[in-house]
Each structure stands twice: as C-alpha cells, then as structure tokens.
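With mmCIF, C-alpha atoms inside, this is query-v9.cif:
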data_model
#
loop_
_atom_site.label_atom_id
_atom_site.label_comp_id
_atom_site.auth_asym_id
_atom_site.auth_seq_id
_atom_site.Cartn_x
_atom_site.Cartn_y
_atom_site.Cartn_z
CA MET G 1 -17.95 2.19 12.44
CA ALA G 2 -18.10 -0.12 9.44
CA GLN G 3 -20.93 -0.07 6.93
CA ASP G 4 -22.37 -3.30 8.38
CA ALA G 5 -24.73 -2.08 11.08
CA ASN G 6 -24.67 -5.48 12.85
CA ARG G 7 -20.92 -5.43 13.31
CA GLN G 8 -19.88 -4.74 16.90
CA ILE G 9 -16.71 -2.96 17.98
CA THR G 10 -14.51 -5.49 19.74
CA VAL G 11 -11.89 -4.93 22.41
CA SER G 12 -8.27 -5.24 21.29
CA MET G 13 -6.55 -8.36 22.61
CA ARG G 14 -3.03 -7.11 21.78
CA ALA G 15 -1.24 -4.21 23.31
CA ALA G 16 -0.86 -1.24 20.99
CA PRO G 17 2.71 -0.59 19.79
CA THR G 18 4.23 2.28 21.75
CA THR G 19 7.48 2.91 19.85
CA GLU G 20 8.56 3.04 16.24
CA ALA G 21 10.70 -0.02 16.89
CA GLU G 22 7.59 -1.92 17.98
CA ILE G 23 5.72 -0.78 14.88
CA GLY G 24 8.63 -1.92 12.74
CA GLU G 25 8.72 -5.32 14.41
CA LEU G 26 4.98 -5.85 13.88
CA LEU G 27 5.16 -4.71 10.25
CA THR G 28 7.97 -7.14 9.46
CA ARG G 29 7.11 -10.17 11.60
CA PRO G 30 7.06 -13.28 9.37
CA THR G 31 3.99 -15.47 9.30
CA GLU G 32 3.49 -19.04 8.22
CA GLN G 33 2.07 -17.64 4.96
CA THR G 34 5.02 -15.35 4.18
CA VAL G 35 7.53 -18.09 4.96
CA SER G 36 5.63 -20.46 2.66
CA ALA G 37 5.59 -17.72 0.00
CA VAL G 38 9.36 -17.24 -0.06
CA GLU G 39 9.87 -21.00 -0.19
CA THR G 40 8.37 -20.86 -3.70
CA LEU G 41 10.89 -18.25 -4.89
CA ASP G 42 13.73 -19.35 -7.10
CA GLY G 43 16.28 -16.68 -6.27
CA ASP G 44 16.92 -13.11 -5.18
CA VAL G 45 14.25 -10.45 -4.62
CA LEU G 46 14.76 -6.99 -6.12
CA ILE G 47 12.61 -4.11 -4.80
CA LEU G 48 12.56 -1.01 -7.00
CA GLY G 49 11.40 2.16 -5.26
CA ALA G 50 12.22 0.69 -1.86
CA GLY G 51 12.70 4.06 -0.15
CA GLY G 52 9.02 4.96 0.11
CA LYS G 53 6.48 4.42 2.88
CA MET G 54 6.09 0.67 2.38
CA GLY G 55 9.36 -0.40 0.79
CA PRO G 56 11.57 -0.62 3.89
CA SER G 57 9.13 -2.77 5.88
CA LEU G 58 8.45 -5.01 2.88
CA ALA G 59 12.19 -5.54 2.44
CA VAL G 60 12.72 -6.46 6.09
CA LEU G 61 9.67 -8.76 6.05
CA THR G 62 11.11 -10.49 3.00
CA ARG G 63 14.52 -10.87 4.65
CA ARG G 64 13.04 -12.19 7.89
CA SER G 65 10.81 -14.63 6.00
CA LEU G 66 13.77 -15.90 3.96
CA ASP G 67 15.79 -16.34 7.14
CA ALA G 68 12.94 -18.25 8.78
CA ALA G 69 12.80 -20.52 5.72
CA GLY G 70 16.57 -21.02 5.81
CA LEU G 71 17.03 -19.54 2.34
CA PRO G 72 20.14 -17.55 1.37
CA TYR G 73 18.58 -15.43 -1.39
CA ARG G 74 19.52 -11.76 -1.48
CA VAL G 75 17.10 -8.89 -0.90
CA ILE G 76 18.23 -5.92 -3.01
CA CYS G 77 16.62 -2.51 -2.44
CA VAL G 78 16.91 0.22 -5.05
CA SER G 79 15.89 3.85 -4.59
CA ARG G 80 17.25 7.36 -4.83
CA PHE G 81 17.52 7.14 -1.02
CA SER G 82 17.23 10.87 -0.53
CA SER G 83 16.80 10.07 3.18
CA ALA G 84 19.92 8.59 4.76
CA SER G 85 17.84 7.36 7.70
CA VAL G 86 15.65 5.26 5.42
CA ARG G 87 18.68 3.65 3.85
CA ALA G 88 20.12 2.98 7.31
CA GLN G 89 16.95 1.06 8.23
CA LEU G 90 17.74 -1.36 5.43
CA GLU G 91 21.41 -1.90 6.08
CA LEU G 92 20.83 -5.18 7.87
CA PRO G 93 22.50 -8.53 7.27
CA GLY G 94 21.16 -9.93 4.01
CA ILE G 95 19.74 -6.66 2.64
CA GLU G 96 21.67 -4.73 0.02
CA THR G 97 20.93 -1.12 -0.95
CA ILE G 98 21.69 0.59 -4.23
CA ALA G 99 21.21 4.34 -4.76
CA CYS G 100 19.94 4.82 -8.29
CA ASP G 101 17.93 7.16 -10.50
CA LEU G 102 15.77 4.55 -12.19
CA LEU G 103 15.06 6.90 -15.11
CA ASP G 104 18.77 6.76 -15.96
CA ARG G 105 18.74 3.92 -18.48
CA ALA G 106 22.42 3.13 -18.03
CA ALA G 107 21.97 2.91 -14.26
CA LEU G 108 18.89 0.72 -14.69
CA GLU G 109 20.76 -1.63 -17.02
CA ALA G 110 23.61 -1.88 -14.51
CA LEU G 111 21.35 -3.15 -11.70
CA PRO G 112 21.69 -6.81 -10.72
CA ASP G 113 19.54 -9.42 -12.39
CA ALA G 114 16.92 -11.06 -10.19
CA PRO G 115 14.14 -13.55 -10.89
CA ASN G 116 11.68 -11.80 -8.52
CA LEU G 117 10.94 -8.08 -8.72
CA VAL G 118 8.63 -5.82 -6.72
CA PHE G 119 7.95 -2.50 -8.44
CA MET G 120 7.05 0.26 -5.95
CA ALA G 121 8.42 3.38 -7.65
CA GLY G 122 6.05 6.23 -8.42
CA LEU G 123 4.84 9.76 -7.71
CA LYS G 124 1.52 10.80 -6.20
CA PHE G 125 1.70 13.99 -4.16
CA GLY G 126 2.67 16.91 -6.34
CA ALA G 127 1.49 15.01 -9.40
CA SER G 128 -0.74 17.83 -10.63
CA ALA G 129 2.06 20.37 -10.29
CA SER G 130 4.56 18.13 -12.11
CA PRO G 131 2.55 16.12 -14.63
CA ALA G 132 5.49 15.36 -16.91
CA GLN G 133 7.53 13.89 -14.03
CA THR G 134 4.45 12.02 -12.84
CA TRP G 135 3.99 10.31 -16.19
CA ALA G 136 7.71 9.61 -16.50
CA LEU G 137 7.82 7.79 -13.16
CA ASN G 138 4.39 6.19 -13.23
CA ALA G 139 4.21 5.11 -16.88
CA TYR G 140 7.47 5.54 -18.83
CA LEU G 141 9.59 3.91 -16.12
CA PRO G 142 7.44 0.74 -16.04
CA ALA G 143 8.09 0.32 -19.75
CA LEU G 144 11.85 0.52 -19.16
CA VAL G 145 11.69 -1.84 -16.17
CA GLY G 146 9.49 -4.30 -18.03
CA GLU G 147 11.97 -4.56 -20.88
CA ARG G 148 14.99 -4.76 -18.55
CA TYR G 149 13.44 -7.43 -16.34
CA ARG G 150 11.34 -9.25 -18.91
CA ASP G 151 12.56 -12.61 -17.55
CA ALA G 152 11.59 -11.89 -13.94
CA ARG G 153 8.31 -12.36 -12.13
CA ILE G 154 7.02 -8.83 -11.48
CA VAL G 155 4.69 -7.78 -8.67
CA ALA G 156 3.77 -4.16 -9.45
CA LEU G 157 2.13 -2.00 -6.80
CA SER G 158 -0.75 0.00 -8.25
CA THR G 159 -3.67 1.86 -6.70
CA GLY G 160 -7.44 1.75 -6.40
CA ASN G 161 -7.40 5.29 -7.84
CA VAL G 162 -7.59 3.71 -11.30
CA TYR G 163 -11.26 2.96 -10.57
CA PRO G 164 -14.13 5.44 -10.86
CA LEU G 165 -16.03 6.60 -7.83
CA VAL G 166 -18.63 3.90 -7.15
CA PRO G 167 -21.88 3.79 -5.18
CA VAL G 168 -21.18 3.37 -1.48
CA GLU G 169 -23.69 0.56 -1.15
CA SER G 170 -21.94 -1.40 -3.92
CA GLY G 171 -19.22 -2.65 -1.60
CA GLY G 172 -16.52 -1.22 -3.84
CA ALA G 173 -15.08 -1.71 -7.30
CA THR G 174 -14.05 -5.27 -8.13
CA GLU G 175 -11.25 -6.34 -10.43
CA GLU G 176 -13.86 -6.57 -13.19
CA THR G 177 -14.88 -2.91 -12.82
CA PRO G 178 -13.58 -1.03 -15.89
CA PRO G 179 -10.92 1.56 -14.93
CA SER G 180 -11.97 5.19 -15.22
CA PRO G 181 -9.23 7.21 -13.51
CA VAL G 182 -9.81 10.82 -12.46
CA GLY G 183 -6.86 13.23 -12.65
CA GLU G 184 -3.24 13.07 -13.82
CA TYR G 185 -2.06 10.83 -10.98
CA ALA G 186 -4.72 8.18 -11.45
CA GLN G 187 -4.43 8.33 -15.24
CA SER G 188 -0.66 7.82 -15.07
CA CYS G 189 -1.16 4.87 -12.71
CA LEU G 190 -3.41 3.24 -15.27
CA GLY G 191 -0.60 3.98 -17.71
CA ARG G 192 1.75 2.06 -15.38
CA GLU G 193 -0.58 -0.93 -15.48
CA ARG G 194 -0.98 -0.80 -19.25
CA LEU G 195 2.78 -0.73 -19.79
CA PHE G 196 3.30 -3.75 -17.53
CA GLU G 197 0.44 -5.48 -19.33
CA SER G 198 2.26 -4.74 -22.57
CA THR G 199 5.41 -6.33 -21.12
CA ALA G 200 3.43 -9.45 -20.28
CA GLU G 201 1.97 -9.59 -23.79
CA ARG G 202 5.20 -8.85 -25.68
CA PHE G 203 7.62 -11.02 -23.75
CA GLY G 204 5.44 -13.48 -21.85
CA THR G 205 6.62 -11.86 -18.60
CA LEU G 206 4.68 -13.02 -15.54
CA VAL G 207 3.08 -9.96 -13.90
CA ALA G 208 0.70 -9.24 -11.01
CA LEU G 209 -0.81 -5.76 -10.63
CA ILE G 210 -1.82 -5.04 -7.02
CA ARG G 211 -4.33 -2.21 -6.57
CA LEU G 212 -3.89 -0.96 -2.99
CA ASN G 213 -6.24 1.35 -1.10
CA TYR G 214 -4.75 3.12 1.91
CA ALA G 215 -2.22 1.13 3.89
CA THR G 216 -1.98 2.26 7.53
CA ASP G 217 1.02 1.93 9.88
CA LEU G 218 0.01 4.41 12.68
CA ARG G 219 2.51 7.03 11.46
CA TYR G 220 0.63 7.38 8.19
CA GLY G 221 -2.77 6.56 6.79
CA VAL G 222 -6.39 7.57 6.51
CA LEU G 223 -7.16 6.59 10.10
CA LEU G 224 -4.34 8.80 11.36
CA ASP G 225 -5.63 11.68 9.24
CA ILE G 226 -9.12 11.39 10.73
CA ALA G 227 -7.92 10.88 14.29
CA THR G 228 -5.54 13.85 14.09
CA ARG G 229 -8.35 16.14 12.96
CA VAL G 230 -10.53 14.93 15.81
CA ALA G 231 -7.72 15.45 18.35
CA LYS G 232 -7.04 18.98 17.08
CA GLY G 233 -10.68 19.94 16.76
CA LYS G 234 -10.38 20.50 13.02
CA PRO G 235 -13.42 19.98 10.78
CA ILE G 236 -13.64 16.81 8.72
CA ALA G 237 -14.96 16.95 5.15
CA LEU G 238 -17.62 14.36 4.43
CA GLU G 239 -17.98 14.50 0.65
CA SER G 240 -15.74 11.42 0.50
CA GLY G 241 -17.52 9.95 3.47
CA HIS G 242 -16.50 6.32 3.06
CA VAL G 243 -13.04 4.77 2.71
CA ASN G 244 -11.07 1.53 2.82
CA THR G 245 -7.85 0.80 4.69
CA ILE G 246 -5.63 -2.10 5.75
CA TRP G 247 -2.76 -2.56 8.22
CA GLN G 248 0.46 -2.13 6.28
CA GLY G 249 1.85 -5.36 7.69
CA ASP G 250 -1.06 -7.23 6.14
CA ALA G 251 -0.55 -5.39 2.85
CA ASN G 252 3.15 -6.32 2.88
CA ALA G 253 2.28 -9.97 3.47
CA VAL G 254 -0.02 -9.98 0.43
CA LEU G 255 2.63 -8.35 -1.77
CA LEU G 256 5.08 -11.07 -0.83
CA GLN G 257 2.55 -13.83 -1.47
CA ALA G 258 1.48 -12.27 -4.78
CA PHE G 259 4.43 -13.75 -6.67
CA ARG G 260 2.37 -16.90 -7.08
CA LEU G 261 -0.30 -14.88 -8.89
CA CYS G 262 2.06 -13.56 -11.56
CA ALA G 263 0.78 -14.49 -14.99
CA SER G 264 0.71 -13.56 -18.65
CA PRO G 265 -1.66 -11.84 -19.40
CA ALA G 266 -1.06 -9.85 -16.22
CA ALA G 267 -3.15 -10.70 -13.17
CA VAL G 268 -5.00 -7.96 -11.23
CA LEU G 269 -5.81 -8.00 -7.51
CA ASN G 270 -7.44 -5.46 -5.20
CA LEU G 271 -5.76 -5.07 -1.81
CA THR G 272 -7.50 -3.44 1.15
CA GLY G 273 -9.52 -4.30 4.23
CA PRO G 274 -12.98 -5.88 4.10
CA GLU G 275 -14.93 -2.92 5.48
CA THR G 276 -16.57 0.07 3.88
CA ILE G 277 -15.65 2.52 6.63
CA SER G 278 -17.87 5.48 7.49
CA VAL G 279 -15.68 8.54 8.04
CA ARG G 280 -18.35 10.01 10.31
CA ASP G 281 -18.60 6.87 12.45
CA VAL G 282 -14.86 6.34 12.81
CA ALA G 283 -14.38 10.02 13.72
CA CYS G 284 -16.95 9.64 16.51
CA ARG G 285 -15.15 6.50 17.69
CA PHE G 286 -11.87 8.44 17.83
CA SER G 287 -13.62 11.16 19.81
CA ASP G 288 -14.51 8.57 22.45
CA LEU G 289 -11.08 6.93 22.48
CA LEU G 290 -9.25 10.26 22.68
CA SER G 291 -11.68 11.85 25.17
CA ALA G 292 -11.96 14.68 22.65
CA PRO G 293 -14.93 16.93 21.92
CA ALA G 294 -17.43 15.63 19.40
CA PRO G 295 -15.96 15.96 15.89
CA SER G 296 -17.11 18.74 13.60
CA PHE G 297 -17.99 18.01 10.00
CA VAL G 298 -18.39 20.03 6.83
CA GLY G 299 -20.40 18.94 3.83
CA SER G 300 -22.33 15.71 3.64
CA GLU G 301 -21.73 12.18 2.46
CA GLN G 302 -22.06 11.69 -1.28
CA GLU G 303 -23.61 8.60 -2.84
CA THR G 304 -20.26 7.61 -4.37
CA ALA G 305 -16.72 7.16 -3.07
CA LEU G 306 -13.35 5.70 -4.04
CA LEU G 307 -13.84 2.16 -2.75
CA SER G 308 -12.45 -1.26 -3.63
CA ASN G 309 -13.79 -4.73 -2.99
CA ALA G 310 -10.91 -7.01 -1.97
CA GLY G 311 -12.99 -10.15 -1.57
CA ARG G 312 -10.82 -12.08 -4.01
CA CYS G 313 -7.69 -11.15 -2.06
CA HIS G 314 -9.25 -12.35 1.20
CA GLU G 315 -10.31 -15.64 -0.40
CA LEU G 316 -6.75 -16.22 -1.62
CA PHE G 317 -4.75 -15.03 1.37
CA GLY G 318 -7.17 -14.85 4.30
CA MET G 319 -8.57 -11.93 6.23
CA PRO G 320 -6.25 -9.23 7.61
CA ARG G 321 -4.56 -10.25 10.87
CA VAL G 322 -5.14 -6.79 12.35
CA PRO G 323 -8.89 -6.05 12.19
CA LEU G 324 -10.23 -2.55 11.76
CA ASP G 325 -11.35 -2.09 15.36
CA GLU G 326 -7.90 -2.97 16.67
CA LEU G 327 -6.25 -0.68 14.15
CA VAL G 328 -8.48 2.19 15.27
CA GLU G 329 -7.54 1.54 18.91
CA TRP G 330 -3.84 1.39 18.04
CA THR G 331 -4.08 4.68 16.15
CA ALA G 332 -5.82 6.39 19.06
CA ALA G 333 -3.18 5.08 21.48
CA TRP G 334 -0.41 6.36 19.20
CA ILE G 335 -1.91 9.85 19.18
CA ARG G 336 -2.47 9.84 22.95
CA THR G 337 1.26 9.23 23.45
CA SER G 338 2.22 11.86 20.82
CA GLY G 339 3.89 9.24 18.65
CA PRO G 340 5.82 10.64 15.65
CA THR G 341 4.20 10.69 12.22
CA LEU G 342 5.47 10.91 8.67
CA GLU G 343 3.52 14.17 8.18
CA LYS G 344 2.23 12.95 4.82
CA PRO G 345 -1.57 13.26 4.71
CA THR G 346 -3.30 10.75 2.43
CA ARG G 347 -5.73 13.41 1.15
CA PHE G 348 -8.42 10.73 1.19
CA ASP G 349 -11.07 13.43 0.82
CA VAL G 350 -9.93 14.46 -2.67
CA ARG G 351 -12.61 13.66 -5.28
CA ASP G 352 -11.27 15.49 -8.33
CA GLY G 353 -7.98 13.60 -8.61
CA VAL G 354 -5.82 16.67 -7.96
CA PHE G 355 -2.97 15.62 -5.64
#

Kindly present the structure from the file in structure tokens form.
Amino acid sequence: MAQDANRQITVSMRAAPTTEAEIGELLTRPTEQTVSAVETLDGDVLILGAGGKMGPSLAVLTRRSLDAAGLPYRVICVSRFSSASVRAQLELPGIETIACDLLDRAALEALPDAPNLVFMAGLKFGASASPAQTWALNAYLPALVGERYRDARIVALSTGNVYPLVPVESGGATEETPPSPVGEYAQSCLGRERLFESTAERFGTLVALIRLNYATDLRYGVLLDIATRVAKGKPIALESGHVNTIWQGDANAVLLQAFRLCASPAAVLNLTGPETISVRDVACRFSDLLSAPAPSFVGSEQETALLSNAGRCHELFGMPRVPLDELVEWTAAWIRTSGPTLEKPTRFDVRDGVF
C-alpha cells in the first residue's frame, strides 16, 4: 500500500471508532506531548477560523490538554460560525466562541488579546470561481492579523499545495524545496505565508508556518474519497497516483506543539504521514476490506505528484500515533457501517490547481 515494497500491512490493535462521538474523543484525547506543550504556554489560546474541519477538534484538544495540566488559560474560538451545530460543539466549559467576520477590521480589533494564536482561516474550494475572495481570506487577512497580533506567537496553518509537483520517487518536497504553487488557491496560500513572514520581519513576531497535506478523520479525507469510490464502483483517476495523509488527531497534536517552533524569521514545517501512498494499492486494499469488486481505474500514474516529506516533523514530534494501515482499516469500517461524512471531497486528483 505504501511506496516501500518491504512494508507489510499490519492488523489493527485498536477497535475502529463506530460513532461520531468516538471519533471526537480520539481526535481530542490529550497525550503526554500535548500536555507538555501547553505547559510552555504563557496565557490564553486564540484560534481564528475555528469553525472549519480541524478547528473544533483542535480547540477541544487544547482545552483538554490545559485541563490535564491544571492550567486555567482560556481557549477562544473565532469564526463566522455559519453552522450552529459547529458552534455548539465548542460550547464546553473553558471554551469561548465569538462570531466574527475577520475581514471586518473593527471586529478584528475588538477581539481579545492573547499571547498564543492559531490561524486556520482560509478558502480552498470555490477558489477559482471567487479569486478575489480567495486572495482576501488567504493573503490580505493574514496581513491584518499579523499587525493586530504582532505580540503573539502565531502558528499559521498552510498547505503542501505551495510546492510544485515532485517526482514520486523523491519522497516528497522538503522545507527547502522552493515553492512553486499551481493555481489561484495555492498561489494565495503562498501569499498567506509571505504576509506572515513579513509580520515576523517587521515586528519580530514569532511565527511557525505549518504546511499540511491531507488530514483524515474518517468523515473527510483522501482515504475516504478513495474508499467511497471503491464501495460505489466508481472509477478512480490515477494521474495523481500518489498521495500523503495523516490522522487529524496527530495533525492537531503537532499544531499544538508547534508553538515552540515559532521564530523570527518565520519557521516552516511540513506536516503529513511518513508514507508515499499508492492510490492504486490503497484502492485494492479497500476492495478487500469492503468485499467490493476490484476497483476500476482511468488514466495512469504520472511521474510526479503533490507530495511532502515530513521527516523533520517526525524527528521533532515523533511518528503518528495512528499508522496508515490502521487508518485504512478504520476508514473501511466507517464505510461498512454507513457512518456520516462531511460530503467535502478533497479533490486530491486535481493537478492543475483549479479547486
């Protein structure tokens, strides 16, 4: 399933989550590392763009880690909160929510001060249809936030899309690979990074830019996309025949630990799993796990793909707690029980940057 031909598929030692509540608990369960991370914080944590796919679970993980450490700091979540159910998930003891249009400068200025900020706001899907809004959220807003929170430590979520397509056998782009974004979305995300880098240079703000490739939480992610196509007998495009992914709980844990990386000039870190995953191989594995017909494919694997090498991340924070094989088994089990999904395809097979 992974690019390493010697790697064997192992049997999961943990039961797959069977409810959304179980997924939520796993995503937000504190670890020794996350508790140690919050013990280094010097005050409240502000999460901007907390209403997206990752924000709620990151907020709850932060709260639970603070509670485990016996720390009273606030966790403050800011978003438009167009979904009342998402906001309700966060209305727990010790988590505050603020509905806000972050592009409204007066509203941004009125937000509470905090010494620790996670920036998660942005726009991906629909970016090509609304390029002006894409650039406003992905690049202009970081400039406003950087100036408003110049005295905070800022962990800014970015994306591996800022890299060019790289040879599959390379193991993925490293942090030293020069960015070469394809399409409006990826270009605007590089704009986000450059504006936060400017904040670090102008004000000495401590910044960490985290380039994530495909977080998975069973209700969303590249593995779900592939497994769903296998289950429904839909063809799978192979032009982007290799991908990366990581369990969202592991990604959240890294984001929380990344405050210690914040620096001026801004630090950069790739965040994903260790494998170069073959789409063809993982589709065949899903076929076995789901007792589905052999998957059908269109096209053929290209020599390049959007891949990141997260070796530095793994050296700093350890390997993901949920390995790929277990994540594949969990995803298959979720589909077998008709678990709900977010119905937001990753579009991992896009090669022209049009989202």

When you look at Glu315 (chain G) with a cut-off of 12 Å (counting only C-alpha atoms), what residues show up, excluding the ones that are within fewer than 5 positions of it in the same chain? I need them as a ChimeraX atom specification. /G:254,269-271,274,309-310,320

Report as JSON, numbers by chain the residues that result from applying the PyMOL selection byres ((chain G and resi 317) around 12) to the structure here. {"G": [31, 32, 33, 34, 36, 37, 250, 251, 252, 253, 254, 255, 256, 257, 258, 260, 261, 269, 270, 271, 272, 310, 311, 312, 313, 314, 315, 316, 318, 319, 320, 321]}

Determine the residue set returned by the PyMOL selection byres ((chain G and resi 76-83) around 8) for the present structure, and present it as an MDAnalysis selection string. chainID G and resid 44:51 59 74:75 84:87 95:102

Do a neighbour search on Ala129 (chain G) at 12 Å with all atoms listed in the file, toss out local chain neighbours closer than 4 positions, and write the hits as a short mmCIF file (atom, residue, chain, number, x, y, z; two decimals) with C-alpha atoms, keeping the file's coordinate frame.
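out12.cif, freshly written:
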data_model
loop_
_atom_site.label_atom_id
_atom_site.label_comp_id
_atom_site.auth_asym_id
_atom_site.auth_seq_id
_atom_site.Cartn_x
_atom_site.Cartn_y
_atom_site.Cartn_z
CA LEU G 123 4.84 9.76 -7.71
CA LYS G 124 1.52 10.80 -6.20
CA PHE G 125 1.70 13.99 -4.16
CA GLN G 133 7.53 13.89 -14.03
CA THR G 134 4.45 12.02 -12.84
CA TRP G 135 3.99 10.31 -16.19
CA GLY G 183 -6.86 13.23 -12.65
CA GLU G 184 -3.24 13.07 -13.82
CA TYR G 185 -2.06 10.83 -10.98
CA VAL G 354 -5.82 16.67 -7.96
CA PHE G 355 -2.97 15.62 -5.64
#

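Of the residues under consideration (G:Ala114, G:Val298, G:Ala333, G:Leu306), G:Leu306 shows the shortest atom-to-atom contact distance to Ser180 (chain G) when counting all atoms listed in the file.
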
7 Å contact set for region 158-175 of chain G, all atoms listed in the file, chain neighbours under 3 positions out, as a PyMOL selection string: chain G and resi 179-181+186-187+189-190+209-213+268-270+276+303-309

Distance CA of Leu103 (chain G)-CA of Gln89 (chain G), one decimal place?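 It comes out at 24.1 Å.
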